[in-house]
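Structure below is model_38.cif: mmCIF, C-alpha atoms.
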```cif
data_upload
#
loop_
_atom_site.label_atom_id
_atom_site.label_comp_id
_atom_site.auth_asym_id
_atom_site.auth_seq_id
_atom_site.Cartn_x
_atom_site.Cartn_y
_atom_site.Cartn_z
CA MET Q 1 -4.12 19.58 25.95
CA ASP Q 2 -3.33 21.22 29.30
CA ARG Q 3 -5.12 20.08 32.41
CA LEU Q 4 -7.15 22.58 34.30
CA PRO Q 5 -5.88 24.14 37.53
CA ARG Q 6 -6.74 22.27 40.70
CA GLY Q 7 -9.18 23.54 43.31
CA ARG Q 8 -11.42 26.54 42.84
CA HIS Q 9 -11.11 27.86 39.33
CA GLY Q 10 -14.45 29.52 38.68
CA LEU Q 11 -14.99 27.42 35.53
CA SER Q 12 -18.46 26.18 34.73
CA PRO Q 13 -19.14 22.43 35.19
CA GLU Q 14 -19.96 22.23 31.44
CA PHE Q 15 -16.55 23.66 30.57
CA VAL Q 16 -14.79 21.22 32.88
CA ALA Q 17 -16.70 18.29 31.45
CA ARG Q 18 -16.00 19.25 27.86
CA ASN Q 19 -12.37 19.82 28.64
CA GLN Q 20 -12.11 16.41 30.31
CA ARG Q 21 -13.75 14.71 27.38
CA GLU Q 22 -11.41 16.37 24.91
CA ARG Q 23 -8.41 15.46 27.07
CA LEU Q 24 -9.50 11.82 27.20
CA ILE Q 25 -9.88 11.71 23.42
CA ALA Q 26 -6.46 13.30 22.92
CA ALA Q 27 -4.90 10.92 25.46
CA LEU Q 28 -6.40 7.83 23.84
CA THR Q 29 -5.17 8.92 20.41
CA GLN Q 30 -1.64 9.46 21.71
CA VAL Q 31 -1.41 6.32 23.86
CA LEU Q 32 -2.81 4.22 21.04
CA TYR Q 33 -0.06 5.46 18.76
CA GLU Q 34 2.61 4.73 21.35
CA LYS Q 35 1.40 1.41 22.72
CA GLY Q 36 -1.17 -0.13 20.38
CA TYR Q 37 -4.76 -1.11 21.02
CA GLN Q 38 -4.23 -3.87 23.59
CA GLU Q 39 -2.17 -1.79 25.98
CA THR Q 40 -4.36 1.27 25.70
CA THR Q 41 -6.40 0.66 28.84
CA VAL Q 42 -8.87 2.91 30.58
CA SER Q 43 -6.42 3.50 33.43
CA VAL Q 44 -3.56 4.43 31.10
CA ILE Q 45 -5.84 6.83 29.19
CA GLY Q 46 -7.05 8.35 32.46
CA GLN Q 47 -3.52 8.80 33.77
CA ARG Q 48 -2.37 10.48 30.59
CA ALA Q 49 -5.37 12.80 30.57
CA ALA Q 50 -5.18 13.41 34.32
CA VAL Q 51 -8.80 12.32 34.65
CA SER Q 52 -9.90 9.83 37.29
CA LYS Q 53 -11.30 6.47 36.31
CA SER Q 54 -14.71 7.37 37.69
CA ASP Q 55 -14.70 10.59 35.66
CA PHE Q 56 -13.72 8.56 32.58
CA TYR Q 57 -16.92 6.55 32.96
CA LYS Q 58 -18.98 9.74 33.21
CA HIS Q 59 -17.96 10.50 29.62
CA PHE Q 60 -17.63 7.05 28.05
CA GLU Q 61 -19.18 3.66 28.65
CA SER Q 62 -16.02 1.78 27.76
CA LYS Q 63 -12.64 1.99 26.11
CA ASP Q 64 -14.27 1.26 22.76
CA ASP Q 65 -16.79 4.03 23.29
CA CYS Q 66 -13.91 6.45 23.84
CA PHE Q 67 -12.13 4.92 20.85
CA TYR Q 68 -15.12 5.59 18.57
CA ALA Q 69 -15.31 9.19 19.77
CA ALA Q 70 -11.57 9.62 19.17
CA TYR Q 71 -11.91 8.08 15.73
CA GLU Q 72 -14.73 10.43 14.75
CA ALA Q 73 -12.78 13.40 16.13
CA ALA Q 74 -9.71 12.41 14.09
CA ILE Q 75 -11.69 12.12 10.86
CA GLU Q 76 -13.41 15.46 11.47
CA ARG Q 77 -10.05 17.15 12.07
CA ILE Q 78 -8.75 15.84 8.75
CA ARG Q 79 -11.98 16.75 7.00
CA ALA Q 80 -11.85 20.31 8.34
CA GLU Q 81 -8.40 20.80 6.75
CA VAL Q 82 -9.46 19.28 3.44
CA VAL Q 83 -12.66 21.31 3.29
CA ALA Q 84 -10.80 24.52 4.16
CA SER Q 85 -8.36 23.93 1.30
CA CYS Q 86 -11.24 23.23 -1.12
CA ALA Q 87 -13.04 26.40 -0.03
CA SER Q 88 -10.23 28.59 -1.33
CA HIS Q 89 -11.04 27.50 -4.91
CA GLY Q 90 -13.96 28.31 -7.15
CA GLN Q 91 -16.16 25.66 -8.75
CA ASP Q 92 -14.29 25.90 -12.07
CA ALA Q 93 -10.85 24.98 -10.76
CA TRP Q 94 -11.17 21.23 -10.27
CA SER Q 95 -7.59 20.07 -10.65
CA PRO Q 96 -5.90 22.74 -8.50
CA ARG Q 97 -8.56 22.11 -5.88
CA VAL Q 98 -7.90 18.35 -5.85
CA ARG Q 99 -4.17 18.96 -5.66
CA ASP Q 100 -4.56 21.34 -2.71
CA ALA Q 101 -6.98 19.01 -0.95
CA ILE Q 102 -4.47 16.16 -1.21
CA ALA Q 103 -1.72 18.51 0.01
CA ALA Q 104 -3.85 19.47 3.02
CA LEU Q 105 -4.56 15.81 3.76
CA LEU Q 106 -0.91 14.79 3.61
CA ARG Q 107 0.28 17.83 5.58
CA THR Q 108 -2.25 17.18 8.36
CA LEU Q 109 -1.25 13.52 8.63
CA ALA Q 110 2.49 14.22 8.53
CA ALA Q 111 2.22 16.85 11.26
CA ASP Q 112 0.53 14.45 13.65
CA PRO Q 113 1.53 10.77 13.35
CA ALA Q 114 -0.87 9.80 16.15
CA LEU Q 115 -3.72 11.27 14.11
CA ALA Q 116 -2.47 9.43 11.00
CA SER Q 117 -2.27 6.19 12.93
CA ILE Q 118 -5.75 6.22 14.45
CA SER Q 119 -7.43 7.32 11.22
CA LEU Q 120 -5.64 5.03 8.74
CA VAL Q 121 -4.22 2.07 10.65
CA GLU Q 122 -5.90 1.47 13.98
CA GLY Q 123 -9.27 2.05 12.35
CA LEU Q 124 -8.74 -1.17 10.47
CA ARG Q 125 -7.21 -3.09 13.34
CA ALA Q 126 -9.48 -2.42 16.26
CA GLY Q 127 -12.32 -4.73 15.35
CA ARG Q 128 -15.49 -4.57 13.33
CA GLY Q 129 -17.01 -1.51 14.96
CA VAL Q 130 -14.12 0.71 13.98
CA TYR Q 131 -13.67 -0.95 10.63
CA ASP Q 132 -17.19 0.10 9.65
CA ARG Q 133 -16.31 3.65 10.63
CA TYR Q 134 -13.13 3.50 8.56
CA GLN Q 135 -15.21 2.43 5.57
CA SER Q 136 -17.68 5.28 5.93
CA ALA Q 137 -14.89 7.77 6.54
CA VAL Q 138 -13.08 6.80 3.33
CA GLU Q 139 -16.34 6.88 1.38
CA SER Q 140 -17.16 10.31 2.76
CA PHE Q 141 -14.09 11.78 1.06
CA VAL Q 142 -15.17 10.63 -2.42
CA VAL Q 143 -17.45 13.64 -2.83
CA TYR Q 144 -14.51 16.09 -2.71
CA LEU Q 145 -13.01 14.34 -5.72
CA ARG Q 146 -16.21 13.75 -7.64
CA ASP Q 147 -17.57 17.26 -7.28
CA GLY Q 148 -16.89 19.09 -10.54
CA ALA Q 149 -14.70 16.33 -11.99
CA PRO Q 150 -14.20 16.55 -15.78
CA PRO Q 151 -15.01 13.70 -18.19
CA ALA Q 152 -12.24 11.27 -19.09
CA PRO Q 153 -9.91 12.00 -22.02
CA GLY Q 154 -12.06 11.20 -25.04
CA GLY Q 155 -15.18 12.68 -23.47
CA ALA Q 156 -16.80 9.69 -21.72
CA GLU Q 157 -17.94 10.19 -18.15
CA VAL Q 158 -15.57 8.74 -15.58
CA PRO Q 159 -17.45 5.90 -13.84
CA ALA Q 160 -18.31 6.20 -10.13
CA VAL Q 161 -16.17 3.12 -9.48
CA THR Q 162 -13.14 5.17 -10.51
CA ASP Q 163 -13.84 7.93 -8.00
CA GLU Q 164 -14.09 5.34 -5.26
CA ALA Q 165 -11.06 3.37 -6.41
CA VAL Q 166 -8.95 6.53 -6.44
CA VAL Q 167 -9.92 7.45 -2.88
CA GLY Q 168 -9.62 3.84 -1.67
CA GLY Q 169 -6.26 3.48 -3.38
CA ILE Q 170 -4.92 6.61 -1.72
CA ALA Q 171 -6.19 5.47 1.70
CA SER Q 172 -4.53 2.10 1.17
CA LEU Q 173 -1.18 3.60 0.17
CA LEU Q 174 -1.17 6.08 3.05
CA GLY Q 175 -2.20 3.40 5.55
CA ARG Q 176 0.64 1.16 4.48
CA ARG Q 177 3.14 4.01 4.83
CA VAL Q 178 1.86 4.91 8.30
CA LEU Q 179 2.06 1.27 9.30
CA ALA Q 180 5.68 1.24 8.13
CA GLY Q 181 6.40 4.11 10.55
CA GLU Q 182 6.72 6.71 7.78
CA ALA Q 183 3.90 9.03 8.82
CA GLU Q 184 6.18 12.04 9.30
CA ARG Q 185 7.39 11.81 5.72
CA ILE Q 186 4.02 11.13 4.16
CA ASP Q 187 3.75 14.64 2.70
CA ARG Q 188 6.60 13.79 0.33
CA LEU Q 189 4.15 11.59 -1.55
CA LEU Q 190 2.25 14.66 -2.77
CA PRO Q 191 3.38 14.56 -6.44
CA GLU Q 192 2.74 10.83 -6.77
CA VAL Q 193 -0.62 10.83 -5.06
CA THR Q 194 -1.80 13.87 -6.99
CA GLU Q 195 -0.77 12.38 -10.32
CA PHE Q 196 -2.54 9.14 -9.42
CA ALA Q 197 -5.74 11.01 -8.50
CA LEU Q 198 -5.83 13.21 -11.62
CA THR Q 199 -4.80 10.66 -14.26
CA PRO Q 200 -8.15 8.87 -14.78
CA TYR Q 201 -9.80 12.24 -15.48
CA LEU Q 202 -7.10 14.11 -17.38
CA GLY Q 203 -4.80 11.47 -18.83
CA THR Q 204 -1.21 10.98 -17.76
CA ALA Q 205 0.35 13.86 -19.67
CA GLU Q 206 -2.03 16.53 -18.40
CA ALA Q 207 -1.97 15.14 -14.84
CA ARG Q 208 1.80 15.32 -14.85
CA ARG Q 209 1.77 18.85 -16.23
CA ILE Q 210 -0.40 20.01 -13.32
CA VAL Q 211 1.72 18.19 -10.75
CA SER Q 212 4.97 19.66 -12.03
CA GLY Q 213 3.50 23.06 -12.88
CA GLY Q 214 2.70 23.80 -9.23
CA MET S 1 -11.87 -27.01 9.02
CA ILE S 2 -10.51 -24.34 6.69
CA ASP S 3 -13.88 -24.06 4.94
CA ALA S 4 -15.62 -23.97 8.32
CA ILE S 5 -13.61 -21.08 9.73
CA ALA S 6 -13.94 -19.15 6.46
CA ALA S 7 -17.71 -19.59 6.47
CA LEU S 8 -18.14 -18.86 10.18
CA SER S 9 -15.98 -15.77 10.27
CA ALA S 10 -17.74 -14.49 7.15
CA GLU S 11 -21.11 -15.04 8.85
CA GLN S 12 -20.48 -13.89 12.39
CA GLY S 13 -17.01 -12.32 12.49
CA TYR S 14 -13.70 -13.75 13.63
CA GLU S 15 -14.05 -12.67 17.23
CA SER S 16 -17.42 -14.37 17.78
CA THR S 17 -16.30 -17.58 16.12
CA LYS S 18 -15.47 -20.18 18.76
CA ILE S 19 -13.44 -23.37 18.42
CA ALA S 20 -16.61 -25.27 19.37
CA ASP S 21 -18.48 -23.73 16.39
CA ILE S 22 -15.67 -24.63 14.02
CA VAL S 23 -15.42 -28.28 15.00
CA ARG S 24 -19.21 -28.64 14.90
CA ARG S 25 -19.42 -27.08 11.44
CA ALA S 26 -16.47 -29.10 10.13
CA GLY S 27 -17.71 -32.31 11.75
CA VAL S 28 -14.35 -33.09 13.32
CA ALA S 29 -13.20 -33.72 16.87
CA ARG S 30 -11.68 -30.85 18.85
CA LYS S 31 -8.53 -32.97 19.13
CA THR S 32 -8.26 -33.18 15.35
CA LEU S 33 -8.24 -29.42 15.14
CA TYR S 34 -5.48 -29.14 17.72
CA ASP S 35 -3.52 -31.94 16.06
CA ASN S 36 -3.39 -29.86 12.89
CA PHE S 37 -3.41 -26.26 14.12
CA ASP S 38 -2.15 -24.35 17.14
CA GLY S 39 -5.55 -22.78 17.65
CA LYS S 40 -8.10 -20.46 16.13
CA GLU S 41 -5.66 -17.87 14.82
CA ASP S 42 -3.41 -20.48 13.25
CA LEU S 43 -6.41 -22.02 11.50
CA PHE S 44 -7.61 -18.61 10.33
CA LEU S 45 -4.20 -17.82 8.86
CA ALA S 46 -4.18 -21.20 7.13
CA ALA S 47 -7.57 -20.40 5.62
CA PHE S 48 -6.30 -17.00 4.52
CA ASP S 49 -3.23 -18.55 2.90
CA ALA S 50 -5.32 -21.20 1.15
CA PHE S 51 -7.50 -18.53 -0.46
CA LEU S 52 -4.50 -16.41 -1.37
CA VAL S 53 -2.76 -19.36 -3.06
CA GLU S 54 -5.92 -20.12 -5.00
CA VAL S 55 -6.48 -16.54 -6.14
CA ARG S 56 -2.86 -15.82 -6.95
CA GLY S 57 -2.63 -19.10 -8.87
CA ALA S 58 -5.72 -18.25 -10.89
CA VAL S 59 -4.43 -14.75 -11.67
CA GLU S 60 -0.99 -15.96 -12.71
CA GLU S 61 -2.43 -18.70 -14.84
CA ALA S 62 -4.81 -16.31 -16.58
CA CYS S 63 -1.98 -13.91 -17.34
CA GLU S 64 0.25 -16.64 -18.74
CA ARG S 65 -2.54 -18.18 -20.80
CA THR S 66 -3.50 -14.90 -22.43
CA GLU S 67 -1.79 -13.97 -25.64
CA GLY S 68 -1.36 -10.60 -27.22
CA VAL S 69 -0.48 -7.22 -25.78
CA TRP S 70 0.34 -6.84 -22.08
CA GLN S 71 -2.85 -4.88 -21.46
CA LYS S 72 -4.83 -8.02 -22.34
CA ARG S 73 -2.86 -10.03 -19.82
CA VAL S 74 -3.44 -7.50 -17.05
CA GLU S 75 -7.14 -7.49 -17.86
CA ALA S 76 -7.22 -11.30 -17.80
CA GLY S 77 -5.54 -11.20 -14.39
CA ILE S 78 -8.16 -8.81 -13.01
CA ALA S 79 -10.92 -10.99 -14.48
CA ALA S 80 -9.46 -14.08 -12.81
CA PHE S 81 -9.33 -12.26 -9.47
CA LEU S 82 -12.96 -11.15 -9.75
CA ASP S 83 -14.04 -14.67 -10.78
CA ALA S 84 -12.24 -16.16 -7.76
CA VAL S 85 -14.08 -13.75 -5.45
CA ALA S 86 -17.43 -14.60 -7.08
CA ALA S 87 -16.73 -18.34 -6.91
CA ASN S 88 -16.02 -18.27 -3.19
CA PRO S 89 -17.75 -15.32 -1.53
CA GLU S 90 -17.26 -16.63 2.01
CA ALA S 91 -13.53 -17.09 1.65
CA ALA S 92 -13.34 -13.68 -0.03
CA ARG S 93 -15.11 -12.02 2.88
CA MET S 94 -12.86 -13.82 5.34
CA ALA S 95 -9.68 -12.82 3.49
CA MET S 96 -10.58 -9.31 2.38
CA ILE S 97 -12.67 -8.03 5.27
CA GLU S 98 -12.32 -10.16 8.39
CA ALA S 99 -8.55 -10.51 8.02
CA LEU S 100 -8.12 -6.75 8.36
CA SER S 101 -9.41 -6.66 11.89
CA ALA S 102 -9.09 -10.27 13.10
CA THR S 103 -5.61 -10.21 14.65
CA PRO S 104 -2.35 -8.30 14.05
CA SER S 105 -0.86 -11.33 12.26
CA ALA S 106 -3.87 -11.55 10.00
CA SER S 107 -3.70 -7.91 9.00
CA ALA S 108 0.04 -8.26 8.40
CA ARG S 109 -0.80 -11.21 6.16
CA TYR S 110 -3.30 -9.08 4.26
CA ASP S 111 -0.69 -6.38 3.80
CA ALA S 112 1.82 -8.93 2.49
CA ALA S 113 -0.81 -10.27 0.08
CA LEU S 114 -1.42 -6.77 -1.31
CA ARG S 115 2.33 -6.48 -1.81
CA GLU S 116 2.37 -9.73 -3.79
CA PHE S 117 -0.25 -8.38 -6.16
CA VAL S 118 1.67 -5.11 -6.47
CA THR S 119 4.73 -7.12 -7.55
CA LEU S 120 2.59 -9.14 -9.93
CA LEU S 121 1.18 -6.01 -11.59
CA ARG S 122 4.60 -4.40 -11.78
CA GLY S 123 5.97 -7.52 -13.48
CA GLY S 124 3.14 -7.43 -16.02
CA ILE S 125 3.80 -3.99 -17.42
CA PRO S 126 6.63 -2.84 -19.68
CA ALA S 127 9.58 -1.23 -17.92
CA GLY S 128 10.42 2.43 -18.28
CA SER S 129 6.92 3.82 -17.90
CA ASN S 130 8.26 6.74 -15.84
CA LEU S 131 5.10 6.70 -13.74
CA PRO S 132 5.25 7.42 -10.00
CA GLU S 133 6.96 4.69 -8.01
CA THR S 134 3.81 4.19 -5.95
CA ILE S 135 1.44 3.80 -8.91
CA GLU S 136 0.97 0.03 -8.64
CA GLU S 137 0.43 0.25 -4.88
CA THR S 138 -2.35 2.76 -5.32
CA LEU S 139 -3.91 0.82 -8.20
CA VAL S 140 -3.92 -2.48 -6.32
CA GLY S 141 -5.21 -0.71 -3.19
CA GLY S 142 -7.99 0.86 -5.26
CA VAL S 143 -9.06 -2.45 -6.80
CA ALA S 144 -9.01 -4.15 -3.39
CA TRP S 145 -11.14 -1.31 -2.01
CA ILE S 146 -13.80 -1.63 -4.72
CA VAL S 147 -14.00 -5.40 -4.38
CA ASN S 148 -14.10 -5.04 -0.62
CA GLN S 149 -17.14 -2.73 -0.96
CA GLN S 150 -18.80 -5.20 -3.31
CA ILE S 151 -18.34 -8.03 -0.79
CA ARG S 152 -19.66 -5.87 2.05
CA ARG S 153 -22.81 -5.17 0.10
CA GLY S 154 -23.29 -8.93 -0.15
CA GLU S 155 -22.75 -8.82 -3.91
CA ALA S 156 -19.51 -10.79 -4.19
CA GLY S 157 -21.22 -13.03 -6.75
CA ARG S 158 -21.47 -10.08 -9.11
CA ALA S 159 -17.84 -9.02 -8.74
CA PRO S 160 -17.10 -9.98 -12.39
CA ASP S 161 -19.47 -7.16 -13.48
CA LEU S 162 -16.80 -4.74 -12.26
CA LEU S 163 -14.31 -5.89 -14.89
CA PRO S 164 -14.74 -3.09 -17.47
CA GLU S 165 -14.46 -0.28 -14.92
CA LEU S 166 -11.61 -1.83 -12.96
CA SER S 167 -9.61 -2.66 -16.09
CA GLU S 168 -9.99 0.89 -17.29
CA PHE S 169 -8.97 2.19 -13.86
CA VAL S 170 -5.85 0.03 -13.72
CA LEU S 171 -4.79 0.56 -17.33
CA SER S 172 -5.54 4.25 -17.75
CA PRO S 173 -2.23 5.57 -16.35
CA TYR S 174 -0.34 3.27 -18.71
CA HIS S 175 -2.47 4.15 -21.78
CA GLY S 176 -1.23 7.64 -21.37
CA VAL S 177 2.38 6.55 -21.19
CA ALA S 178 2.13 4.18 -24.16
CA GLU S 179 0.62 6.96 -26.24
CA ILE S 180 3.10 9.56 -25.09
CA SER S 181 6.13 7.40 -25.74
CA SER S 182 4.98 5.91 -29.04
CA GLN S 183 3.55 9.01 -30.63
CA PRO S 184 4.94 12.18 -29.12
CA GLY S 185 2.71 15.13 -29.89
CA GLY S 186 0.38 12.71 -31.65
CA GLU S 187 -3.32 12.17 -31.45
CA SER S 188 -3.33 11.30 -27.76
CA ASP S 189 -2.56 14.88 -26.86
CA SER S 190 -5.46 16.25 -28.83
CA THR S 191 -7.89 14.11 -26.84
CA VAL S 192 -6.78 15.53 -23.51
CA PRO S 193 -9.37 18.05 -22.38
CA ASP S 194 -8.51 21.37 -20.88
CA SER S 195 -7.81 20.69 -17.21
CA ASN S 196 -9.56 23.79 -15.98
CA THR S 197 -12.93 23.17 -17.53
#
```

Would you put the structure from the file into structure tokens?
Amino acid sequence: MDRLPRGRHGLSPEFVARNQRERLIAALTQVLYEKGYQETTVSVIGQRAAVSKSDFYKHFESKDDCFYAAYEAAIERIRAEVVASCASHGQDAWSPRVRDAIAALLRTLAADPALASISLVEGLRAGRGVYDRYQSAVESFVVYLRDGAPPAPGGAEVPAVTDEAVVGGIASLLGRRVLAGEAERIDRLLPEVTEFALTPYLGTAEARRIVSGG
Amino acid sequence: MIDAIAALSAEQGYESTKIADIVRRAGVARKTLYDNFDGKEDLFLAAFDAFLVEVRGAVEEACERTEGVWQKRVEAGIAAFLDAVAANPEAARMAMIEALSATPSASARYDAALREFVTLLRGGIPAGSNLPETIEETLVGGVAWIVNQQIRRGEAGRAPDLLPELSEFVLSPYHGVAEISSQPGGESDSTVPDSNT
């Protein structure tokens, strides 16, 4: 995010404040990815965002406060992409919708490793406060899978535990790949992740047909 | 001391747990702790390892003890895991929740533990399934997630109730493969519903 011009710029104070806040969030996300939680200090964040320390404290009470805001912003960015991909499908097209939602998720993460890192790795590593947010974030994606899901092969309803285990399993796999420094290549997992997500509902053969059928 | 740090970090979190609390709870001298461990993190990792050894041992034993088809052995392994969580809810919370955010070494240890269970599951299923390479990773991650939720709700004691759902979750990808490979075009295909309904 570009800093604003110095001196008189005719911008409203609200605009300047919002811009500063967004810059701080972007800076924290990037510095965290580069240096890890310990070395991401308020002064480093401020320097990167070109915001003074005293201005930092006008927006956030502490580093953690800024961290929580950055975490929420990261999750909402991912959610916006997933929701947009779901919106292009009607209610009746469950499996193509799930496939496209997973594609949007993986594409968004691969395009921005710093985003992938804060949402899937640092969320677990930065203490209890963020861990709780990670939990709720993962849970909040279950609805996109559950909505309109068909019964299991044989006709029985797929238990709620399965919906959650599928989403949790995907988060776990992606987190481990990001941790291994493979965020940029995470979109290559699309066929595997899609097959994993569809199998409990459609059976292996049908899940594979959809994955390979494009 | 290992029991004390497991209980305390389950109750109040790793960060808030002080050496003084641990020695008081364990009823040992501070010196005894430092004679045996480098400090709090070292003790925490020892507690994590102790629980992992216990759980992995129980799972392996259950798999070996169980006769019959491989699916039965996998199910017995999951049952043993859930029983171990129920039998020791504090250690389970320490190892499956606190470890994730306690220290970088602890979360690396958690990651390595997941990998061990991935290897265990992979070893328990017949070769040549032609499923995605990552299937066991996602399945183990999914099971860990569900059990993690159960512990967070304070219902670790009822973890064994999850057995039917979790077994079905873990085995369902392989059902498909067994059916496909043993009876091509057979009855398994007729039970697959239309994907677009």

request  = I need the residue set behind the PyMOL selection byres ((chain Q and resi 40) around 12) for this file; please write it as a ChimeraX atom specification.
outcome  = /Q:24,27-39,41-48,62-64,66-67,122,126

Exercise for the section: Kindly extract all protein, DNA and RNA residues lying within 7 Å of the coordinates (3.2, -2.7, -22.3) given in the file, considering all atoms listed in the file, and supply them as a list in words. Expected result: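 Nearby residues: Val69, Trp70, Gln71, Ile125 and Pro126 of chain S.
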
Using Å and a single decimal, report how far CA of Val166 in chain Q sits from CA of Ser212 in chain Q.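 Interatomic distance, CA of Ser212 in chain Q to CA of Val166 in chain Q: 19.9 Å.
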
Would you list the residues near (-2.9, -3.8, -7.2), meaning any protein, DNA or RNA residue with an atom at most 8 Å from that point in file coordinates, counting all atoms listed in the file, as an mmCIF file with C-alpha atoms, keeping the file's coordinate frame?
```cif
data_model
loop_
_atom_site.group_PDB
_atom_site.id
_atom_site.type_symbol
_atom_site.label_atom_id
_atom_site.label_comp_id
_atom_site.auth_asym_id
_atom_site.auth_seq_id
_atom_site.Cartn_x
_atom_site.Cartn_y
_atom_site.Cartn_z
ATOM 1 C CA LEU S 114 -1.420 -6.770 -1.310
ATOM 2 C CA ARG S 115 2.330 -6.480 -1.810
ATOM 3 C CA PHE S 117 -0.250 -8.380 -6.160
ATOM 4 C CA VAL S 118 1.670 -5.110 -6.470
ATOM 5 C CA LEU S 121 1.180 -6.010 -11.590
ATOM 6 C CA GLU S 136 0.970 0.030 -8.640
ATOM 7 C CA GLU S 137 0.430 0.250 -4.880
ATOM 8 C CA THR S 138 -2.350 2.760 -5.320
ATOM 9 C CA LEU S 139 -3.910 0.820 -8.200
ATOM 10 C CA VAL S 140 -3.920 -2.480 -6.320
ATOM 11 C CA GLY S 141 -5.210 -0.710 -3.190
ATOM 12 C CA GLY S 142 -7.990 0.860 -5.260
ATOM 13 C CA VAL S 143 -9.060 -2.450 -6.800
ATOM 14 C CA ALA S 144 -9.010 -4.150 -3.390
#
```

* Asked: Do you have the CA of His9 in chain Q-CA of Tyr57 in chain Q distance handy?
  ->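 Distance reported for this atom pair: 23.0 Å.
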
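For the pair CA of Thr108 in chain Q and CA of Arg79 in chain Q, the interatomic distance is 9.8 Å.
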
Restricting to all atoms listed in the file, whichever of Q:Arg209, Q:Ala160, Q:Leu179, Q:Leu124 is closest to chain S is Q:Leu124

Could you work out which residues of chain Q fall inside 6 Å of chain S? Count all atoms listed in the file, and format the result as a ChimeraX atom specification. /Q:93,124-125,127,153-154,165-166,168-170,172-173,192,203-204

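Among Q:Gln20, Q:Arg188, Q:Leu145, Q:Ala137, the residue with the shortest atom-to-atom distance to Ser95 in chain Q, counting all atoms listed in the file, is Q:Leu145.
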
| query | Which of these, S:Ala58, S:Leu43, S:Leu82, S:Ala127, has the shortest distance to Ala6 in chain S once you count all atoms listed in the file? | reply |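 Using all atoms listed in the file, Ala6 in chain S sits closest to S:Leu43.
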
So which residues touch Leu8 in chain S within 12 Å, counting only C-alpha atoms, skipping near sequence neighbours fewer than 3 positions away, as a ChimeraX atom specification?
/S:1-5,11-26,40,44,47,90-91,93-94,98

Nearest to Gly90 in chain Q among Q:Gly148, Q:Val211, Q:Tyr71, Q:Ala17, with distances taken over only C-alpha atoms: which residue is it?
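Residue with the minimum atom-to-atom distance to Gly90 in chain Q: Q:Gly148.
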
Env of range 52-57 of chain S: 12 Å cut, atoms = all atoms listed in the file, seq-sep filter 5 positions within chain, self excluded. Answer as an mmCIF file with C-alpha atoms, keeping the file's coordinate frame.
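Heads up, here's the output in result18.cif:
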```
data_model
loop_
_atom_site.group_PDB
_atom_site.id
_atom_site.type_symbol
_atom_site.label_atom_id
_atom_site.label_comp_id
_atom_site.auth_asym_id
_atom_site.auth_seq_id
_atom_site.Cartn_x
_atom_site.Cartn_y
_atom_site.Cartn_z
ATOM 1 C CA LEU S 45 -4.200 -17.820 8.860
ATOM 2 C CA ALA S 46 -4.180 -21.200 7.130
ATOM 3 C CA ALA S 47 -7.570 -20.400 5.620
ATOM 4 C CA ALA S 62 -4.810 -16.310 -16.580
ATOM 5 C CA CYS S 63 -1.980 -13.910 -17.340
ATOM 6 C CA GLU S 64 0.250 -16.640 -18.740
ATOM 7 C CA ARG S 65 -2.540 -18.180 -20.800
ATOM 8 C CA GLY S 77 -5.540 -11.200 -14.390
ATOM 9 C CA ILE S 78 -8.160 -8.810 -13.010
ATOM 10 C CA ALA S 79 -10.920 -10.990 -14.480
ATOM 11 C CA ALA S 80 -9.460 -14.080 -12.810
ATOM 12 C CA PHE S 81 -9.330 -12.260 -9.470
ATOM 13 C CA LEU S 82 -12.960 -11.150 -9.750
ATOM 14 C CA ASP S 83 -14.040 -14.670 -10.780
ATOM 15 C CA ALA S 84 -12.240 -16.160 -7.760
ATOM 16 C CA VAL S 85 -14.080 -13.750 -5.450
ATOM 17 C CA ALA S 86 -17.430 -14.600 -7.080
ATOM 18 C CA ALA S 87 -16.730 -18.340 -6.910
ATOM 19 C CA ASN S 88 -16.020 -18.270 -3.190
ATOM 20 C CA ALA S 91 -13.530 -17.090 1.650
ATOM 21 C CA ALA S 92 -13.340 -13.680 -0.030
ATOM 22 C CA MET S 94 -12.860 -13.820 5.340
ATOM 23 C CA ALA S 95 -9.680 -12.820 3.490
ATOM 24 C CA MET S 96 -10.580 -9.310 2.380
ATOM 25 C CA ALA S 99 -8.550 -10.510 8.020
ATOM 26 C CA ARG S 109 -0.800 -11.210 6.160
ATOM 27 C CA TYR S 110 -3.300 -9.080 4.260
ATOM 28 C CA ASP S 111 -0.690 -6.380 3.800
ATOM 29 C CA ALA S 112 1.820 -8.930 2.490
ATOM 30 C CA ALA S 113 -0.810 -10.270 0.080
ATOM 31 C CA LEU S 114 -1.420 -6.770 -1.310
ATOM 32 C CA ARG S 115 2.330 -6.480 -1.810
ATOM 33 C CA GLU S 116 2.370 -9.730 -3.790
ATOM 34 C CA PHE S 117 -0.250 -8.380 -6.160
ATOM 35 C CA VAL S 118 1.670 -5.110 -6.470
ATOM 36 C CA THR S 119 4.730 -7.120 -7.550
ATOM 37 C CA LEU S 120 2.590 -9.140 -9.930
ATOM 38 C CA LEU S 121 1.180 -6.010 -11.590
#
```

Kindly list the centre and edge lengths in Å, rounded to one decimal, for the axis-aligned box that covers all listed atoms of range 105-120 of chain Q plus 6 Å on each of its six sides, as AutoDock Vina command-line options.
```
--center_x -2.5 --center_y 11.4 --center_z 9.9 --size_x 21.9 --size_y 24.8 --size_z 24.5
```
